[in-house]
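See below for the structure under consideration.
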Amino acid sequence: QGSILEESGRQIGIVTDIVGQRRFTVMVKGESNHAGTTPMNARKDAVAVSALCISYLTNKAKAAYPLLTATVGRFEAKPNVPNVISGEAVFSLDLRHHHDAVLDQYCDDIFAYFTELAGEWNVQITVEQTTDAKPVRMDRDLIQLSK
């Protein structure tokens with residue numbers, strides 16, 4: 001699917017696994033304040049913390065788990081005003097991989113980092129899981145016929 005089959009130069013591909021899928025809603029609660037009068041070291045900026053979370057989870061997926069996909073597809077900031085530090089940010093996280101153990105380890109890693117950030121920035125980060133679909137291995141005998 002996607003570009004992988006086309007880039008391989010093959011005319012047909014056999015599905016070996018259906019990936020497991022986990023989805024989360026991540027909420028960062030900081031403190032709204034005036035942008036011009038709040039020093040940088042006194043801010044509890046939910047957007048800044050969210051940006052660090054998103055950067056970390058993306059880089060971690062690329063570096064440590066090449067077949068894992070991690071997607072932030074939705075992002076909301078409140079109050080969403082140009083001259084106000086955001087007190088709340090919410091983003092979605094969609095994770096996919098064909099091994100539960102990889103999903104487990106990745107989640108442990110990134111959520112531990114989120115906890116560390118929350119302490120450093122004096123904000124609250126909550127994670128709610130909304131989907132947990134297990135991976136499914138396809139029939140190995142059928143897969144062997146394609147080789």
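Ligands are numbered from 1 in the order shown, residues from 1 within each chain, and chains are lettered A, B, ... in the order they appear in the structure tokens.
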
Near-range 113-128 of chain A list (6 Å; only C-alpha atoms; drop same-chain fewer than 4 positions) as a PDB file with all heavy atoms, in the first residue's frame:
```pdb
ATOM      1  N   PHE A  24      -4.595   8.040  20.746  1.00  0.00           N
ATOM      2  CA  PHE A  24      -4.629   8.742  22.018  1.00  0.00           C
ATOM      3  C   PHE A  24      -5.046  10.190  21.799  1.00  0.00           C
ATOM      4  O   PHE A  24      -4.820  10.750  20.728  1.00  0.00           O
ATOM      5  CB  PHE A  24      -3.237   8.754  22.667  1.00  0.00           C
ATOM      6  CG  PHE A  24      -2.677   7.390  22.926  1.00  0.00           C
ATOM      7  CD1 PHE A  24      -1.922   6.747  21.955  1.00  0.00           C
ATOM      8  CD2 PHE A  24      -2.902   6.747  24.132  1.00  0.00           C
ATOM      9  CE1 PHE A  24      -1.396   5.482  22.178  1.00  0.00           C
ATOM     10  CE2 PHE A  24      -2.373   5.486  24.367  1.00  0.00           C
ATOM     11  CZ  PHE A  24      -1.621   4.853  23.390  1.00  0.00           C
ATOM     12  N   THR A  25      -5.625  10.764  22.836  1.00  0.00           N
ATOM     13  CA  THR A  25      -5.821  12.201  22.913  1.00  0.00           C
ATOM     14  C   THR A  25      -4.922  12.686  24.036  1.00  0.00           C
ATOM     15  O   THR A  25      -4.994  12.175  25.158  1.00  0.00           O
ATOM     16  CB  THR A  25      -7.293  12.553  23.197  1.00  0.00           C
ATOM     17  OG1 THR A  25      -8.095  12.054  22.134  1.00  0.00           O
ATOM     18  CG2 THR A  25      -7.485  14.065  23.313  1.00  0.00           C
ATOM     19  N   VAL A  26      -4.058  13.635  23.721  1.00  0.00           N
ATOM     20  CA  VAL A  26      -3.111  14.163  24.697  1.00  0.00           C
ATOM     21  C   VAL A  26      -3.519  15.596  25.014  1.00  0.00           C
ATOM     22  O   VAL A  26      -3.702  16.413  24.102  1.00  0.00           O
ATOM     23  CB  VAL A  26      -1.663  14.132  24.156  1.00  0.00           C
ATOM     24  CG1 VAL A  26      -0.692  14.680  25.194  1.00  0.00           C
ATOM     25  CG2 VAL A  26      -1.276  12.710  23.734  1.00  0.00           C
ATOM     26  N   MET A  27      -3.685  15.889  26.308  1.00  0.00           N
ATOM     27  CA  MET A  27      -4.051  17.240  26.728  1.00  0.00           C
ATOM     28  C   MET A  27      -2.941  17.807  27.609  1.00  0.00           C
ATOM     29  O   MET A  27      -2.491  17.147  28.547  1.00  0.00           O
ATOM     30  CB  MET A  27      -5.357  17.264  27.511  1.00  0.00           C
ATOM     31  CG  MET A  27      -5.721  18.678  27.984  1.00  0.00           C
ATOM     32  SD  MET A  27      -7.190  18.745  29.014  1.00  0.00           S
ATOM     33  CE  MET A  27      -8.440  18.544  27.753  1.00  0.00           C
ATOM     34  N   VAL A  28      -2.518  19.003  27.264  1.00  0.00           N
ATOM     35  CA  VAL A  28      -1.527  19.728  28.056  1.00  0.00           C
ATOM     36  C   VAL A  28      -2.233  20.934  28.661  1.00  0.00           C
ATOM     37  O   VAL A  28      -2.795  21.754  27.937  1.00  0.00           O
ATOM     38  CB  VAL A  28      -0.333  20.183  27.182  1.00  0.00           C
ATOM     39  CG1 VAL A  28       0.684  20.934  28.025  1.00  0.00           C
ATOM     40  CG2 VAL A  28       0.308  18.992  26.468  1.00  0.00           C
ATOM     41  N   LYS A  29      -2.235  21.016  29.995  1.00  0.00           N
ATOM     42  CA  LYS A  29      -2.857  22.144  30.695  1.00  0.00           C
ATOM     43  C   LYS A  29      -1.766  22.954  31.382  1.00  0.00           C
ATOM     44  O   LYS A  29      -1.057  22.432  32.233  1.00  0.00           O
ATOM     45  CB  LYS A  29      -3.866  21.656  31.730  1.00  0.00           C
ATOM     46  CG  LYS A  29      -5.227  21.359  31.128  1.00  0.00           C
ATOM     47  CD  LYS A  29      -6.271  21.186  32.200  1.00  0.00           C
ATOM     48  CE  LYS A  29      -6.922  22.445  32.553  1.00  0.00           C
ATOM     49  NZ  LYS A  29      -8.095  22.869  31.890  1.00  0.00           N
ATOM     50  N   GLY A  30      -1.662  24.185  30.942  1.00  0.00           N
ATOM     51  CA  GLY A  30      -0.720  25.108  31.545  1.00  0.00           C
ATOM     52  C   GLY A  30      -1.473  26.265  32.162  1.00  0.00           C
ATOM     53  O   GLY A  30      -2.430  26.053  32.896  1.00  0.00           O
TER      54      GLY A  30
END
```

Write out as JSON lines a residue-level contact list of range 20-82 of chain A versus range 109-112 of chain A with cut-off 12 Å: for each qualifying residue the closest pair of atoms and the distance in Å to one decimal, counting only C-alpha atoms, rows sorted by chain and residue number upward.
```
{"residue": "A:Phe24", "atom": "CA", "partner": "A:Phe111", "partner_atom": "CA", "distance": 11.2}
{"residue": "A:Val26", "atom": "CA", "partner": "A:Phe111", "partner_atom": "CA", "distance": 10.1}
{"residue": "A:Leu52", "atom": "CA", "partner": "A:Ile110", "partner_atom": "CA", "distance": 11.1}
{"residue": "A:Cys53", "atom": "CA", "partner": "A:Ile110", "partner_atom": "CA", "distance": 8.0}
{"residue": "A:Ile54", "atom": "CA", "partner": "A:Ile110", "partner_atom": "CA", "distance": 9.6}
{"residue": "A:Ser55", "atom": "CA", "partner": "A:Ile110", "partner_atom": "CA", "distance": 10.6}
{"residue": "A:Tyr56", "atom": "CA", "partner": "A:Ile110", "partner_atom": "CA", "distance": 7.5}
{"residue": "A:Leu57", "atom": "CA", "partner": "A:Ile110", "partner_atom": "CA", "distance": 6.1}
{"residue": "A:Thr58", "atom": "CA", "partner": "A:Ile110", "partner_atom": "CA", "distance": 9.8}
{"residue": "A:Asn59", "atom": "CA", "partner": "A:Ile110", "partner_atom": "CA", "distance": 10.5}
{"residue": "A:Lys60", "atom": "CA", "partner": "A:Ile110", "partner_atom": "CA", "distance": 8.0}
{"residue": "A:Ala61", "atom": "CA", "partner": "A:Ile110", "partner_atom": "CA", "distance": 9.6}
{"residue": "A:Ala64", "atom": "CA", "partner": "A:Asp109", "partner_atom": "CA", "distance": 10.7}
{"residue": "A:Tyr65", "atom": "CA", "partner": "A:Asp109", "partner_atom": "CA", "distance": 11.7}
{"residue": "A:Ala70", "atom": "CA", "partner": "A:Ile110", "partner_atom": "CA", "distance": 11.0}
```

Self-check item: All helix (DSSP H, G or I) positions in chain A, as a ChimeraX atom specification
Solution: /A:2-8,40-42,46-64,100-121,140-145

Neighbouring residues of Asp45 in chain A were defined as those with any atom within 7 Å, considering only C-alpha atoms; residues of the same chain fewer than 2 positions away were excluded. Please report them as a short mmCIF file (atom, residue, chain, number, x, y, z; two decimals) with C-alpha atoms, in the first residue's frame.
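And here is the file that came out, part_36.cif:
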```cif
data_model
loop_
_atom_site.label_atom_id
_atom_site.label_comp_id
_atom_site.auth_asym_id
_atom_site.auth_seq_id
_atom_site.Cartn_x
_atom_site.Cartn_y
_atom_site.Cartn_z
CA GLY A 30 -0.72 25.11 31.55
CA GLU A 31 -1.72 28.65 32.33
CA ARG A 43 5.42 30.66 31.49
CA VAL A 47 1.67 24.98 23.05
CA ALA A 48 5.41 25.09 23.73
CA VAL A 49 5.20 21.87 25.76
CA ILE A 85 0.00 32.31 26.10
CA SER A 86 -1.99 29.14 25.54
CA GLY A 87 -3.26 27.57 28.72
#
```

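In this model, the gap between CA of Ile143 in chain A and CA of Leu95 in chain A comes to 25.1 Å.
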
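Separating CA of Asp141 in chain A from CA of Ser8 in chain A is a distance of 22.2 Å.
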
Quiz prompt | strand (DSSP E or B) positions in chain A, given as a PyMOL selection string | solution = chain A and resi 17-18+20-29+31+33-34+44+69-71+75-78+84-85+88-97+124-133+136-137

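We find CA of Gln105 in chain A and CA of Val90 in chain A to be spaced 23.0 Å apart.
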
Find the residues near Asp132 in chain A: any atom within 9 Å, counting only C-alpha atoms, skip ones fewer than 2 places away on the same chain, and give them as a short mmCIF file (atom, residue, chain, number, x, y, z; two decimals) with N, CA and C atoms, in the first residue's frame.
```cif
data_model
loop_
_atom_site.label_atom_id
_atom_site.label_comp_id
_atom_site.auth_asym_id
_atom_site.auth_seq_id
_atom_site.Cartn_x
_atom_site.Cartn_y
_atom_site.Cartn_z
N GLY A 20 -1.20 -3.22 14.30
CA GLY A 20 -1.97 -2.81 15.46
C GLY A 20 -2.06 -1.29 15.44
N GLN A 21 -3.12 -0.80 16.00
CA GLN A 21 -3.32 0.65 15.97
C GLN A 21 -3.75 1.12 17.36
N ARG A 22 -3.06 2.12 17.83
CA ARG A 22 -3.42 2.77 19.10
C ARG A 22 -3.59 4.25 18.83
N ARG A 23 -4.67 4.78 19.38
CA ARG A 23 -4.92 6.22 19.25
C ARG A 23 -5.09 6.81 20.65
N GLN A 129 -6.37 7.02 26.08
CA GLN A 129 -6.36 6.10 24.94
C GLN A 129 -7.78 5.94 24.42
N THR A 130 -7.94 6.09 23.10
CA THR A 130 -9.26 6.00 22.49
C THR A 130 -9.42 4.78 21.59
N LYS A 134 -5.45 -4.66 18.07
CA LYS A 134 -4.29 -5.55 18.10
C LYS A 134 -3.81 -5.89 16.69
#
```

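Closest to Val15 in chain A among A:Gly73, A:Met138, A:Phe91, A:Leu145 is A:Met138, based on only C-alpha atoms.
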
With only C-alpha atoms as the counted atoms, please give the residues lying no more than 10 Å from Leu67 in chain A, apart from itself and same-chain residues fewer than 6 positions off, as a compact mmCIF listing (two decimals) with all heavy atoms, in the first residue's frame.
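For reference, part-v4.txt as written:
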```txt
# COMPACT_ATOMS: atom_id res chain seq x y z
N ALA A 61 10.24 7.91 16.88
CA ALA A 61 9.72 6.93 15.92
C ALA A 61 10.68 6.75 14.75
O ALA A 61 10.96 5.62 14.34
CB ALA A 61 8.34 7.35 15.43
N ARG A 96 0.96 3.06 14.85
CA ARG A 96 0.72 1.79 14.16
C ARG A 96 2.02 1.01 14.03
O ARG A 96 3.07 1.56 13.69
CB ARG A 96 0.15 2.04 12.77
CG ARG A 96 -1.16 2.80 12.80
CD ARG A 96 -1.65 3.14 11.42
NE ARG A 96 -2.73 4.10 11.51
CZ ARG A 96 -3.80 4.10 10.74
NH1 ARG A 96 -3.94 3.19 9.80
NH2 ARG A 96 -4.73 5.01 10.88
N HIS A 97 1.92 -0.28 14.31
CA HIS A 97 3.05 -1.21 14.12
C HIS A 97 2.49 -2.62 14.15
O HIS A 97 1.42 -2.87 14.71
CB HIS A 97 4.11 -1.03 15.21
CG HIS A 97 5.41 -1.68 14.85
ND1 HIS A 97 5.66 -3.00 15.11
CD2 HIS A 97 6.53 -1.19 14.25
CE1 HIS A 97 6.88 -3.31 14.68
NE2 HIS A 97 7.42 -2.21 14.16
N HIS A 98 3.23 -3.55 13.58
CA HIS A 98 2.75 -4.92 13.49
C HIS A 98 3.15 -5.79 14.68
O HIS A 98 2.82 -6.98 14.72
CB HIS A 98 3.17 -5.58 12.17
CG HIS A 98 4.65 -5.65 11.97
ND1 HIS A 98 5.39 -4.54 11.58
CD2 HIS A 98 5.51 -6.66 12.08
CE1 HIS A 98 6.65 -4.89 11.47
NE2 HIS A 98 6.75 -6.17 11.78
N HIS A 99 3.83 -5.22 15.68
CA HIS A 99 4.15 -5.95 16.92
C HIS A 99 3.70 -5.15 18.13
O HIS A 99 4.10 -3.99 18.30
CB HIS A 99 5.66 -6.21 17.03
CG HIS A 99 6.18 -7.18 16.03
ND1 HIS A 99 5.74 -8.48 15.94
CD2 HIS A 99 7.13 -7.03 15.07
CE1 HIS A 99 6.39 -9.10 14.97
NE2 HIS A 99 7.22 -8.24 14.41
N VAL A 102 6.50 -3.64 20.34
CA VAL A 102 7.08 -2.37 19.86
C VAL A 102 6.18 -1.21 20.27
O VAL A 102 6.66 -0.18 20.76
CB VAL A 102 7.31 -2.40 18.34
CG1 VAL A 102 7.68 -1.02 17.81
CG2 VAL A 102 8.37 -3.42 17.98
```
